[in-house]
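Notes follow once the structure below has been shown.
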Amino acid sequence: MSRALRALGVLPLLLLAACAGYGGRGLVVGESGVDDVRRLMGVPAQEWTDPDGSRQLAYPRGPAGVHTYMAHFAPNGRLRAFGNVLEPATFARIRAGMGKDEVLRLLGPSRADWTVYFERRDELALEWRFCDEWNQLARFAVLFDASTGIVRSTLIQRESQVATIGENTSYWCAR
């Protein structure tokens with residue numbers, strides 16, 4: 001059997017293994033540690049350590065993904081909480097007057113190619129892609145005062161309202 005055929009035969013297994021860690025399946029709150037999460041989820045996109053030793057790791061699943069998983073650890077290194085943060089309950093916590101760092105700790109990094117600076121308003125817009133409650137692709141935007149990094153406002157739009165992906169593109173989430 002040629003090397004190319006063997007490689008093709010292994011490809012589905014590699015893809016399956018890659019998907020196994022997508023959403024943290026197998027992690028147990030109170031039992032799993034930082035090393036367990038890193039082994040399953042990979043290198044985090046962002047990481048924070050608090051003065052008390054607690055930690056937080058962000059795992060955006062993009063660039064076209066609709067999830068960002070946050071892993072919160074107690075000072076002893078055990079998983080305290082884990083889940084997708086790109087949902088309305090988290091978006092509702094974003095308020096005018098919050099700082100950019102606070103927003104990133106709640107939502108994780110946004111897509112760099114969707115970050116826009118509006119010079120006349122001195123405003124910076126960051127966006128995150130998610131599935132709305134109607135199972136449609138949508139974007140959550142946070143508008144910051146660019147000079148201070150303070151939240152001015154937020155908005156949600158369905159991708160069908162803002163994207164020009166192509167005529168045959170579906171705006172429905174695959175679940």
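Letters for chains follow the order of the structure tokens (A, B, ...), residue numbers begin at 1 for each chain, and ligand numbers begin at 1 in the order shown.
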Check range 35-104 of chain A with DSSP on the backbone and list each residue it calls helix (DSSP H, G or I), as a CSV table (one decimal) with N, CA, C and O atoms, in the first residue's frame.
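Heads up, here's the output in out_0.csv:
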```csv
chain,number,residue,atom,x,y,z
A,35,ASP,N,-3.0,20.5,33.8
A,35,ASP,CA,-2.4,19.6,32.8
A,35,ASP,C,-3.4,18.8,32.1
A,35,ASP,O,-3.2,18.5,30.9
A,36,ASP,N,-4.4,18.3,32.7
A,36,ASP,CA,-5.5,17.5,32.0
A,36,ASP,C,-6.1,18.3,31.0
A,36,ASP,O,-6.4,17.9,29.8
A,37,VAL,N,-6.5,19.6,31.3
A,37,VAL,CA,-7.1,20.5,30.3
A,37,VAL,C,-6.2,20.8,29.2
A,37,VAL,O,-6.6,20.7,28.0
A,38,ARG,N,-5.0,21.1,29.4
A,38,ARG,CA,-4.0,21.4,28.4
A,38,ARG,C,-3.8,20.1,27.5
A,38,ARG,O,-3.7,20.3,26.3
A,39,ARG,N,-3.7,19.0,28.1
A,39,ARG,CA,-3.5,17.7,27.3
A,39,ARG,C,-4.7,17.5,26.3
A,39,ARG,O,-4.6,17.1,25.2
A,40,LEU,N,-5.9,17.8,26.8
A,40,LEU,CA,-7.1,17.5,26.0
A,40,LEU,C,-7.4,18.7,25.1
A,40,LEU,O,-7.8,18.4,23.9
A,41,MET,N,-7.3,19.9,25.5
A,41,MET,CA,-7.7,21.1,24.7
A,41,MET,C,-6.6,21.7,24.0
A,41,MET,O,-6.8,22.5,23.1
A,88,PRO,N,-25.9,34.1,25.2
A,88,PRO,CA,-26.6,35.3,25.7
A,88,PRO,C,-26.4,35.6,27.2
A,88,PRO,O,-26.3,36.7,27.6
A,89,ALA,N,-26.3,34.6,28.0
A,89,ALA,CA,-26.1,34.8,29.5
A,89,ALA,C,-24.8,35.5,29.7
A,89,ALA,O,-24.7,36.4,30.6
A,90,THR,N,-23.8,35.2,29.0
A,90,THR,CA,-22.5,35.9,29.2
A,90,THR,C,-22.5,37.3,28.5
A,90,THR,O,-22.0,38.2,29.1
A,91,PHE,N,-23.1,37.4,27.4
A,91,PHE,CA,-23.2,38.7,26.7
A,91,PHE,C,-24.0,39.7,27.6
A,91,PHE,O,-23.6,40.9,27.6
A,100,LYS,N,-11.7,46.8,28.6
A,100,LYS,CA,-11.5,45.8,27.6
A,100,LYS,C,-11.0,44.4,28.2
A,100,LYS,O,-11.4,43.4,27.8
A,101,ASP,N,-10.1,44.5,29.2
A,101,ASP,CA,-9.5,43.3,29.8
A,101,ASP,C,-10.6,42.5,30.5
A,101,ASP,O,-10.6,41.3,30.5
A,102,GLU,N,-11.6,43.2,31.1
A,102,GLU,CA,-12.7,42.5,31.7
A,102,GLU,C,-13.6,41.8,30.7
A,102,GLU,O,-14.0,40.6,30.9
A,103,VAL,N,-13.8,42.4,29.6
A,103,VAL,CA,-14.5,41.8,28.5
A,103,VAL,C,-13.8,40.5,28.0
A,103,VAL,O,-14.4,39.5,27.8
A,104,LEU,N,-12.5,40.7,27.8
A,104,LEU,CA,-11.7,39.5,27.2
A,104,LEU,C,-11.7,38.4,28.2
A,104,LEU,O,-11.7,37.2,27.8
```
Q | Within 9 Å of range 110-125 of chain A using only C-alpha atoms, minus same-chain residues under 2 positions, as number ranges by chain | A | A: 60, 62-63, 104, 107-108, 127-129, 141-147, 149, 152
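Of note, CA of Gly65 in chain A and CA of Cys131 in chain A are spaced 9.5 Å apart.
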Q: Pull the strand (DSSP E) assignments for range 34-164 of chain A out of DSSP run on the backbone, and list those residues as an MDAnalysis selection string.
A: chainID A and resid 46:49 55:61 67:73 79:84 116:118 123:131 137:145 150:158
Resulting file, chosen residues, C-alpha atoms, as a PDB file, in the first residue's frame:
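This went into selection.pdb:
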```pdb
ATOM      1  CA  GLN A  46      -5.204  33.410  26.504  1.00  0.00           C
ATOM      2  CA  GLU A  47      -4.351  32.703  30.107  1.00  0.00           C
ATOM      3  CA  TRP A  48      -4.808  34.666  33.327  1.00  0.00           C
ATOM      4  CA  THR A  49      -3.493  34.091  36.855  1.00  0.00           C
ATOM      5  CA  ARG A  55      -6.216  30.561  36.874  1.00  0.00           C
ATOM      6  CA  GLN A  56      -8.310  30.888  33.754  1.00  0.00           C
ATOM      7  CA  LEU A  57      -7.629  29.489  30.268  1.00  0.00           C
ATOM      8  CA  ALA A  58      -9.468  30.552  27.085  1.00  0.00           C
ATOM      9  CA  TYR A  59     -10.026  28.169  24.158  1.00  0.00           C
ATOM     10  CA  PRO A  60     -11.706  29.842  21.157  1.00  0.00           C
ATOM     11  CA  ARG A  61     -12.728  27.300  18.541  1.00  0.00           C
ATOM     12  CA  HIS A  67     -17.649  28.447  20.804  1.00  0.00           C
ATOM     13  CA  THR A  68     -15.070  29.746  23.216  1.00  0.00           C
ATOM     14  CA  TYR A  69     -14.491  27.469  26.170  1.00  0.00           C
ATOM     15  CA  MET A  70     -13.257  28.905  29.464  1.00  0.00           C
ATOM     16  CA  ALA A  71     -11.569  26.746  32.048  1.00  0.00           C
ATOM     17  CA  HIS A  72     -11.494  28.217  35.570  1.00  0.00           C
ATOM     18  CA  PHE A  73      -9.162  26.676  38.161  1.00  0.00           C
ATOM     19  CA  LEU A  79     -10.979  22.631  37.571  1.00  0.00           C
ATOM     20  CA  ARG A  80     -13.635  24.833  39.200  1.00  0.00           C
ATOM     21  CA  ALA A  81     -15.787  25.561  36.112  1.00  0.00           C
ATOM     22  CA  PHE A  82     -15.720  24.820  32.400  1.00  0.00           C
ATOM     23  CA  GLY A  83     -18.011  25.775  29.528  1.00  0.00           C
ATOM     24  CA  ASN A  84     -18.806  27.732  26.407  1.00  0.00           C
ATOM     25  CA  VAL A 116     -12.454  47.417  13.280  1.00  0.00           C
ATOM     26  CA  TYR A 117     -11.343  50.902  14.289  1.00  0.00           C
ATOM     27  CA  PHE A 118     -13.702  53.792  13.475  1.00  0.00           C
ATOM     28  CA  GLU A 123     -14.227  53.585  18.523  1.00  0.00           C
ATOM     29  CA  LEU A 124     -12.907  50.043  18.432  1.00  0.00           C
ATOM     30  CA  ALA A 125     -15.331  47.213  17.605  1.00  0.00           C
ATOM     31  CA  LEU A 126     -14.565  43.590  18.507  1.00  0.00           C
ATOM     32  CA  GLU A 127     -16.811  40.731  17.360  1.00  0.00           C
ATOM     33  CA  TRP A 128     -17.453  37.135  18.360  1.00  0.00           C
ATOM     34  CA  ARG A 129     -19.364  34.565  16.303  1.00  0.00           C
ATOM     35  CA  PHE A 130     -21.979  32.386  18.030  1.00  0.00           C
ATOM     36  CA  CYS A 131     -25.218  30.447  17.499  1.00  0.00           C
ATOM     37  CA  LEU A 137     -25.087  32.178  13.031  1.00  0.00           C
ATOM     38  CA  ALA A 138     -24.789  35.582  14.673  1.00  0.00           C
ATOM     39  CA  ARG A 139     -22.167  38.049  15.847  1.00  0.00           C
ATOM     40  CA  PHE A 140     -21.878  39.754  19.193  1.00  0.00           C
ATOM     41  CA  ALA A 141     -20.048  43.088  18.982  1.00  0.00           C
ATOM     42  CA  VAL A 142     -18.593  45.163  21.784  1.00  0.00           C
ATOM     43  CA  LEU A 143     -17.895  48.811  20.956  1.00  0.00           C
ATOM     44  CA  PHE A 144     -15.091  50.406  22.971  1.00  0.00           C
ATOM     45  CA  ASP A 145     -13.865  53.964  23.335  1.00  0.00           C
ATOM     46  CA  ILE A 150     -13.954  51.342  28.037  1.00  0.00           C
ATOM     47  CA  VAL A 151     -17.131  49.673  26.712  1.00  0.00           C
ATOM     48  CA  ARG A 152     -19.589  52.092  25.120  1.00  0.00           C
ATOM     49  CA  SER A 153     -22.215  49.615  23.929  1.00  0.00           C
ATOM     50  CA  THR A 154     -22.902  46.167  22.502  1.00  0.00           C
ATOM     51  CA  LEU A 155     -25.003  44.768  19.712  1.00  0.00           C
ATOM     52  CA  ILE A 156     -26.031  41.451  18.191  1.00  0.00           C
ATOM     53  CA  GLN A 157     -26.648  40.868  14.496  1.00  0.00           C
ATOM     54  CA  ARG A 158     -27.328  37.714  12.576  1.00  0.00           C
TER      55      ARG A 158
END
```
Q. What gap, in Å, lies between CA of Pro51 in chain A and CA of Gly99 in chain A?
A.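 Taking CA of Pro51 in chain A and CA of Gly99 in chain A, their separation equals 18.9 Å.
Comparing the minimum interatomic distances between Leu86 in chain A and each of A:Pro109, A:Tyr171, A:Ala74, A:Met98, counting only C-alpha atoms, we find that A:Pro109 sits nearest.
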Q) CA of Gly53 in chain A and CA of Leu106 in chain A are how many Å apart? A)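 For CA of Gly53 in chain A relative to CA of Leu106 in chain A, the distance reads 18.3 Å.
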**Q.** Contact residues around Arg78 in chain A with only C-alpha atoms at 7 Å, ignoring same-chain residues under 5 positions, as a list in words
**A.**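 Using only C-alpha atoms, the neighbours found are Gly30, Glu31, Ser32, Gly33, Val34 and Phe73 of chain A.
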Write the residues you've just listed into a file as a PDB file, in the first residue's frame, and include N, CA, C and O atoms for each of them.
```pdb
ATOM      1  N   GLY A  30     -13.709  19.714  39.640  1.00  0.00           N
ATOM      2  CA  GLY A  30     -13.283  19.247  40.955  1.00  0.00           C
ATOM      3  C   GLY A  30     -12.203  18.181  40.911  1.00  0.00           C
ATOM      4  O   GLY A  30     -11.548  17.927  41.916  1.00  0.00           O
ATOM      5  N   GLU A  31     -12.023  17.546  39.770  1.00  0.00           N
ATOM      6  CA  GLU A  31     -11.028  16.473  39.651  1.00  0.00           C
ATOM      7  C   GLU A  31      -9.933  16.801  38.640  1.00  0.00           C
ATOM      8  O   GLU A  31      -8.757  16.589  38.911  1.00  0.00           O
ATOM      9  N   SER A  32     -10.312  17.269  37.454  1.00  0.00           N
ATOM     10  CA  SER A  32      -9.326  17.545  36.402  1.00  0.00           C
ATOM     11  C   SER A  32      -8.444  18.717  36.809  1.00  0.00           C
ATOM     12  O   SER A  32      -8.895  19.661  37.465  1.00  0.00           O
ATOM     13  N   GLY A  33      -7.183  18.637  36.397  1.00  0.00           N
ATOM     14  CA  GLY A  33      -6.234  19.700  36.683  1.00  0.00           C
ATOM     15  C   GLY A  33      -5.848  20.466  35.428  1.00  0.00           C
ATOM     16  O   GLY A  33      -6.300  20.156  34.318  1.00  0.00           O
ATOM     17  N   VAL A  34      -4.995  21.456  35.598  1.00  0.00           N
ATOM     18  CA  VAL A  34      -4.530  22.287  34.490  1.00  0.00           C
ATOM     19  C   VAL A  34      -3.883  21.424  33.411  1.00  0.00           C
ATOM     20  O   VAL A  34      -4.156  21.590  32.223  1.00  0.00           O
ATOM     21  N   PHE A  73      -9.818  27.560  37.202  1.00  0.00           N
ATOM     22  CA  PHE A  73      -9.162  26.676  38.161  1.00  0.00           C
ATOM     23  C   PHE A  73      -9.064  27.335  39.522  1.00  0.00           C
ATOM     24  O   PHE A  73      -8.768  28.526  39.628  1.00  0.00           O
TER      25      PHE A  73
END
```
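Distance annotation: of A:Ser160, A:Pro75, A:Trp134, A:Cys173, the residue with the minimal separation from Asp52 in chain A is A:Pro75; atom set is only C-alpha atoms.
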